[in-house]
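*Asks:* If you scroll down you'll find the structure; I have some questions about it.
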Amino acid sequence: MRIQLNGIEETIPKEMTIKALIEWAKEGDPHLIVEQNGKYIYPSAYDNHPVFENDTIEFINPNLGG
Amino acid sequence: MDERYVRQTILPEIGPQGQERLAHAGVLIAGTGGLGSVTALYLAAAGIGHIKIVDHDSLEPSNLNRQIIHSEAFLGQPKVISAADRMKALNPTIRVTPVRTRITSANIDALLDGVEIIVDGSDNYETRQVLNRASLRHGLPFVYAGVRGFDAMISSFVPGRTACFECIVTGGDAPVGRVSGIVGPAAGMAASFQAMETLKLILGIGKPLENRMVCISGLDMRIHCVNLNSNPQCKACGQISNPDKRL
């Protein structure tokens, strides 16, 4: 299925959770912030939160420098 | 009214009353690095009555690509002395208190005496956690920013109204010894946003970045605003209602 990931259209396997999408995208940042269709997703929800066709998802790596 | 402020007091959102409000405000800037360098200058120039700057570091040559409040003449000296000198040169009408110390959970409460807003100029998770929890304990807004490489992010965390820093960013710091790269304008963009947020919060004008986080990718100049919401399982603000647990 197709989604918009960080502004780029991607084709991903069907029936993915946010956790699976993070693994698929090889995101290794433990502080990762996930936004799905304009809504912030809690890390505790990654395991069972589904990704749907045409979702717009942003992976945001928090910046901790100053 | 001092002529130096005329270009902001002619704004109806500020006016002479707003300027008076700024003159009576107290702000803590936690760090005088890439972020604090710029917020300190803008807030001093705007006429914030009392600015407390806190940093334990001394100035090194590698700071000078982005920490524009400092200058080569101050290499080796405490950053807070260098920053205070520049702020007073820019605006001698305000009070600047330089404090050379590392911010910890043991000293933050004393540092916040007379302060109404905490401006984040730190460079690590641990200090931000101390600032966030002090913000929650004292009910003070915490204007966060973080930078890395060409990127920046900014949000205003206001106790009782928004998610807190630890609702959104969990976990610890990167492994010690890893130095990440950064360009000066990334820190400058974030710090300018912070200075704007601080003025808005003091004056009660506009729409602060409450429950919103601006994320800027400098390389492709993509600016994205994330909508945030409190995490009911947050280890920091989730404890506010439990008086038995000290933050």
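A note on labels: chains of the structure tokens are A, B, ... as shown, every chain counts residues from 1, and ligands are counted from 1 in their shown order.
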Starting from chain A, keep only residues with some atom at most 12 Å from an atom of chain B, counting only C-alpha atoms, and report them as number ranges by chain.
*Replies:* A: 6-7, 29-45, 57-66
*Asks:* Next, write the just-selected residues to a file, as a PDB file, in the first residue's frame, keeping N, CA and C atoms as the atom set.
*Replies:*
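Written output follows (result04.pdb):
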ATOM      1  N   ASN A   6       7.502  11.134   5.534  1.00  0.00           N
ATOM      2  CA  ASN A   6       8.427  12.284   5.532  1.00  0.00           C
ATOM      3  C   ASN A   6       8.387  13.031   4.208  1.00  0.00           C
ATOM      4  N   GLY A   7       7.176  13.205   3.692  1.00  0.00           N
ATOM      5  CA  GLY A   7       6.999  13.995   2.479  1.00  0.00           C
ATOM      6  C   GLY A   7       7.257  13.247   1.186  1.00  0.00           C
ATOM      7  N   ASP A  29      16.557   5.587  15.932  1.00  0.00           N
ATOM      8  CA  ASP A  29      16.615   6.609  16.990  1.00  0.00           C
ATOM      9  C   ASP A  29      15.661   6.248  18.129  1.00  0.00           C
ATOM     10  N   PRO A  30      16.176   6.015  19.349  1.00  0.00           N
ATOM     11  CA  PRO A  30      15.285   5.649  20.461  1.00  0.00           C
ATOM     12  C   PRO A  30      14.362   6.793  20.896  1.00  0.00           C
ATOM     13  N   HIS A  31      14.674   8.019  20.474  1.00  0.00           N
ATOM     14  CA  HIS A  31      13.849   9.182  20.853  1.00  0.00           C
ATOM     15  C   HIS A  31      12.845   9.543  19.761  1.00  0.00           C
ATOM     16  N   LEU A  32      12.730   8.708  18.751  1.00  0.00           N
ATOM     17  CA  LEU A  32      11.915   9.054  17.577  1.00  0.00           C
ATOM     18  C   LEU A  32      10.514   9.553  17.962  1.00  0.00           C
ATOM     19  N   ILE A  33      10.077  10.627  17.283  1.00  0.00           N
ATOM     20  CA  ILE A  33       8.712  11.131  17.422  1.00  0.00           C
ATOM     21  C   ILE A  33       7.962  10.738  16.156  1.00  0.00           C
ATOM     22  N   VAL A  34       6.763  10.167  16.325  1.00  0.00           N
ATOM     23  CA  VAL A  34       5.966   9.734  15.169  1.00  0.00           C
ATOM     24  C   VAL A  34       4.669  10.525  15.113  1.00  0.00           C
ATOM     25  N   GLU A  35       4.407  11.064  13.934  1.00  0.00           N
ATOM     26  CA  GLU A  35       3.162  11.788  13.707  1.00  0.00           C
ATOM     27  C   GLU A  35       2.419  11.096  12.564  1.00  0.00           C
ATOM     28  N   GLN A  36       1.160  10.758  12.819  1.00  0.00           N
ATOM     29  CA  GLN A  36       0.347  10.076  11.807  1.00  0.00           C
ATOM     30  C   GLN A  36      -0.871  10.952  11.501  1.00  0.00           C
ATOM     31  N   ASN A  37      -0.977  11.378  10.267  1.00  0.00           N
ATOM     32  CA  ASN A  37      -2.091  12.233   9.832  1.00  0.00           C
ATOM     33  C   ASN A  37      -2.299  13.419  10.773  1.00  0.00           C
ATOM     34  N   GLY A  38      -1.188  14.052  11.126  1.00  0.00           N
ATOM     35  CA  GLY A  38      -1.252  15.263  11.945  1.00  0.00           C
ATOM     36  C   GLY A  38      -1.408  15.008  13.423  1.00  0.00           C
ATOM     37  N   LYS A  39      -1.378  13.750  13.846  1.00  0.00           N
ATOM     38  CA  LYS A  39      -1.568  13.440  15.254  1.00  0.00           C
ATOM     39  C   LYS A  39      -0.333  12.733  15.819  1.00  0.00           C
ATOM     40  N   TYR A  40       0.094  13.208  16.988  1.00  0.00           N
ATOM     41  CA  TYR A  40       1.244  12.615  17.666  1.00  0.00           C
ATOM     42  C   TYR A  40       0.870  11.227  18.184  1.00  0.00           C
ATOM     43  N   ILE A  41       1.743  10.253  17.957  1.00  0.00           N
ATOM     44  CA  ILE A  41       1.484   8.884  18.423  1.00  0.00           C
ATOM     45  C   ILE A  41       2.422   8.572  19.596  1.00  0.00           C
ATOM     46  N   TYR A  42       1.843   8.146  20.713  1.00  0.00           N
ATOM     47  CA  TYR A  42       2.666   7.794  21.883  1.00  0.00           C
ATOM     48  C   TYR A  42       3.518   6.559  21.562  1.00  0.00           C
ATOM     49  N   PRO A  43       4.764   6.532  22.066  1.00  0.00           N
ATOM     50  CA  PRO A  43       5.595   5.342  21.853  1.00  0.00           C
ATOM     51  C   PRO A  43       4.931   4.057  22.344  1.00  0.00           C
ATOM     52  N   SER A  44       4.152   4.167  23.432  1.00  0.00           N
ATOM     53  CA  SER A  44       3.511   2.947  23.970  1.00  0.00           C
ATOM     54  C   SER A  44       2.453   2.389  23.013  1.00  0.00           C
ATOM     55  N   ALA A  45       2.060   3.171  22.011  1.00  0.00           N
ATOM     56  CA  ALA A  45       1.023   2.712  21.073  1.00  0.00           C
ATOM     57  C   ALA A  45       1.610   2.149  19.771  1.00  0.00           C
ATOM     58  N   ILE A  57       2.670  10.123   7.234  1.00  0.00           N
ATOM     59  CA  ILE A  57       3.423   9.833   8.462  1.00  0.00           C
ATOM     60  C   ILE A  57       4.744  10.600   8.450  1.00  0.00           C
ATOM     61  N   GLU A  58       5.056  11.185   9.582  1.00  0.00           N
ATOM     62  CA  GLU A  58       6.333  11.885   9.744  1.00  0.00           C
ATOM     63  C   GLU A  58       7.129  11.188  10.830  1.00  0.00           C
ATOM     64  N   PHE A  59       8.357  10.836  10.517  1.00  0.00           N
ATOM     65  CA  PHE A  59       9.303  10.375  11.531  1.00  0.00           C
ATOM     66  C   PHE A  59      10.194  11.567  11.872  1.00  0.00           C
ATOM     67  N   ILE A  60      10.193  11.955  13.128  1.00  0.00           N
ATOM     68  CA  ILE A  60      10.957  13.136  13.530  1.00  0.00           C
ATOM     69  C   ILE A  60      11.987  12.728  14.567  1.00  0.00           C
ATOM     70  N   ASN A  61      13.233  13.036  14.270  1.00  0.00           N
ATOM     71  CA  ASN A  61      14.309  12.720  15.202  1.00  0.00           C
ATOM     72  C   ASN A  61      14.557  13.941  16.084  1.00  0.00           C
ATOM     73  N   PRO A  62      14.247  13.827  17.384  1.00  0.00           N
ATOM     74  CA  PRO A  62      14.418  15.001  18.251  1.00  0.00           C
ATOM     75  C   PRO A  62      15.860  15.496  18.244  1.00  0.00           C
ATOM     76  N   ASN A  63      15.989  16.785  18.239  1.00  0.00           N
ATOM     77  CA  ASN A  63      17.311  17.391  18.308  1.00  0.00           C
ATOM     78  C   ASN A  63      17.578  17.788  19.752  1.00  0.00           C
ATOM     79  N   LEU A  64      18.692  17.350  20.273  1.00  0.00           N
ATOM     80  CA  LEU A  64      19.009  17.644  21.668  1.00  0.00           C
ATOM     81  C   LEU A  64      20.263  18.488  21.803  1.00  0.00           C
ATOM     82  N   GLY A  65      20.804  18.943  20.692  1.00  0.00           N
ATOM     83  CA  GLY A  65      21.966  19.824  20.761  1.00  0.00           C
ATOM     84  C   GLY A  65      21.549  21.248  21.050  1.00  0.00           C
ATOM     85  N   GLY A  66      22.538  22.059  21.396  1.00  0.00           N
ATOM     86  CA  GLY A  66      22.230  23.452  21.668  1.00  0.00           C
ATOM     87  C   GLY A  66      23.404  24.329  21.324  1.00  0.00           C
TER      88      GLY A  66
END
*Asks:* I need the strand (DSSP E or B) residues of segment 9-212 of chain B per DSSP on the backbone, written as a PyMOL selection string.
*Replies:* chain B and resi 26-30+50-54+58+78+95-99+117-120+142-149+151-157+182+210+212
*Asks:* Which residues in chain A does DSSP call helix (DSSP H, G or I)? List them as number ranges by chain.
*Replies:* A: 18-24, 43-45
*Asks:* Would you list the contacts of segment 192-195 of chain B as number ranges by chain, taking every protein, DNA or RNA residue within 12 Å and counting only C-alpha atoms, but skipping same-chain residues closer than 3 positions in sequence?
*Replies:* B: 27-29, 34-48, 117-121, 141-146, 152-157, 185-189, 198-202, 208-209, 213-216
*Asks:* For Tyr5 of chain B, find every residue with an atom within 10 Å (counting only C-alpha atoms), except residues of its own chain fewer than 3 positions away, and show them as an MDAnalysis selection string.
*Replies:* chainID B and resid 1:2 8:10 15:16 19 45:47
*Asks:* Deliver the residues from the most recent selection as a file, using C-alpha atoms, as a PDB file, in the first residue's frame.
*Replies:*
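Result file is part.pdb:
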ATOM      1  CA  MET B   1       9.839  55.810  27.058  1.00  0.00           C
ATOM      2  CA  ASP B   2      13.329  54.919  25.901  1.00  0.00           C
ATOM      3  CA  GLN B   8       8.437  47.672  18.991  1.00  0.00           C
ATOM      4  CA  THR B   9       6.302  49.968  21.133  1.00  0.00           C
ATOM      5  CA  ILE B  10       4.608  51.339  18.005  1.00  0.00           C
ATOM      6  CA  GLY B  15       2.756  49.522  23.134  1.00  0.00           C
ATOM      7  CA  PRO B  16       4.175  51.353  26.176  1.00  0.00           C
ATOM      8  CA  GLN B  19       7.275  47.495  27.184  1.00  0.00           C
ATOM      9  CA  ALA B  45      17.700  44.062  23.048  1.00  0.00           C
ATOM     10  CA  ALA B  46      13.943  43.765  23.639  1.00  0.00           C
ATOM     11  CA  GLY B  47      14.349  45.145  27.154  1.00  0.00           C
TER      12      GLY B  47
END
*Asks:* To one decimal place in Å, what is the distance between atom CA of Ile22 of chain A and atom CA of Lys235 of chain B?
*Replies:*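 Taking atom CA of Ile22 of chain A and atom CA of Lys235 of chain B, their separation equals 23.8 Å.
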*Asks:* In Å to one decimal, how far is atom CA of Ala83 of chain B from atom CA of Ser105 of chain B?
*Replies:* 23.9 Å
*Asks:* Enter the distance from atom CA of Glu3 of chain B to atom CA of Leu22 of chain B, in Å, rounded to one decimal.
*Replies:*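 Atom-to-atom, atom CA of Glu3 of chain B and atom CA of Leu22 of chain B are spaced 15.1 Å apart.
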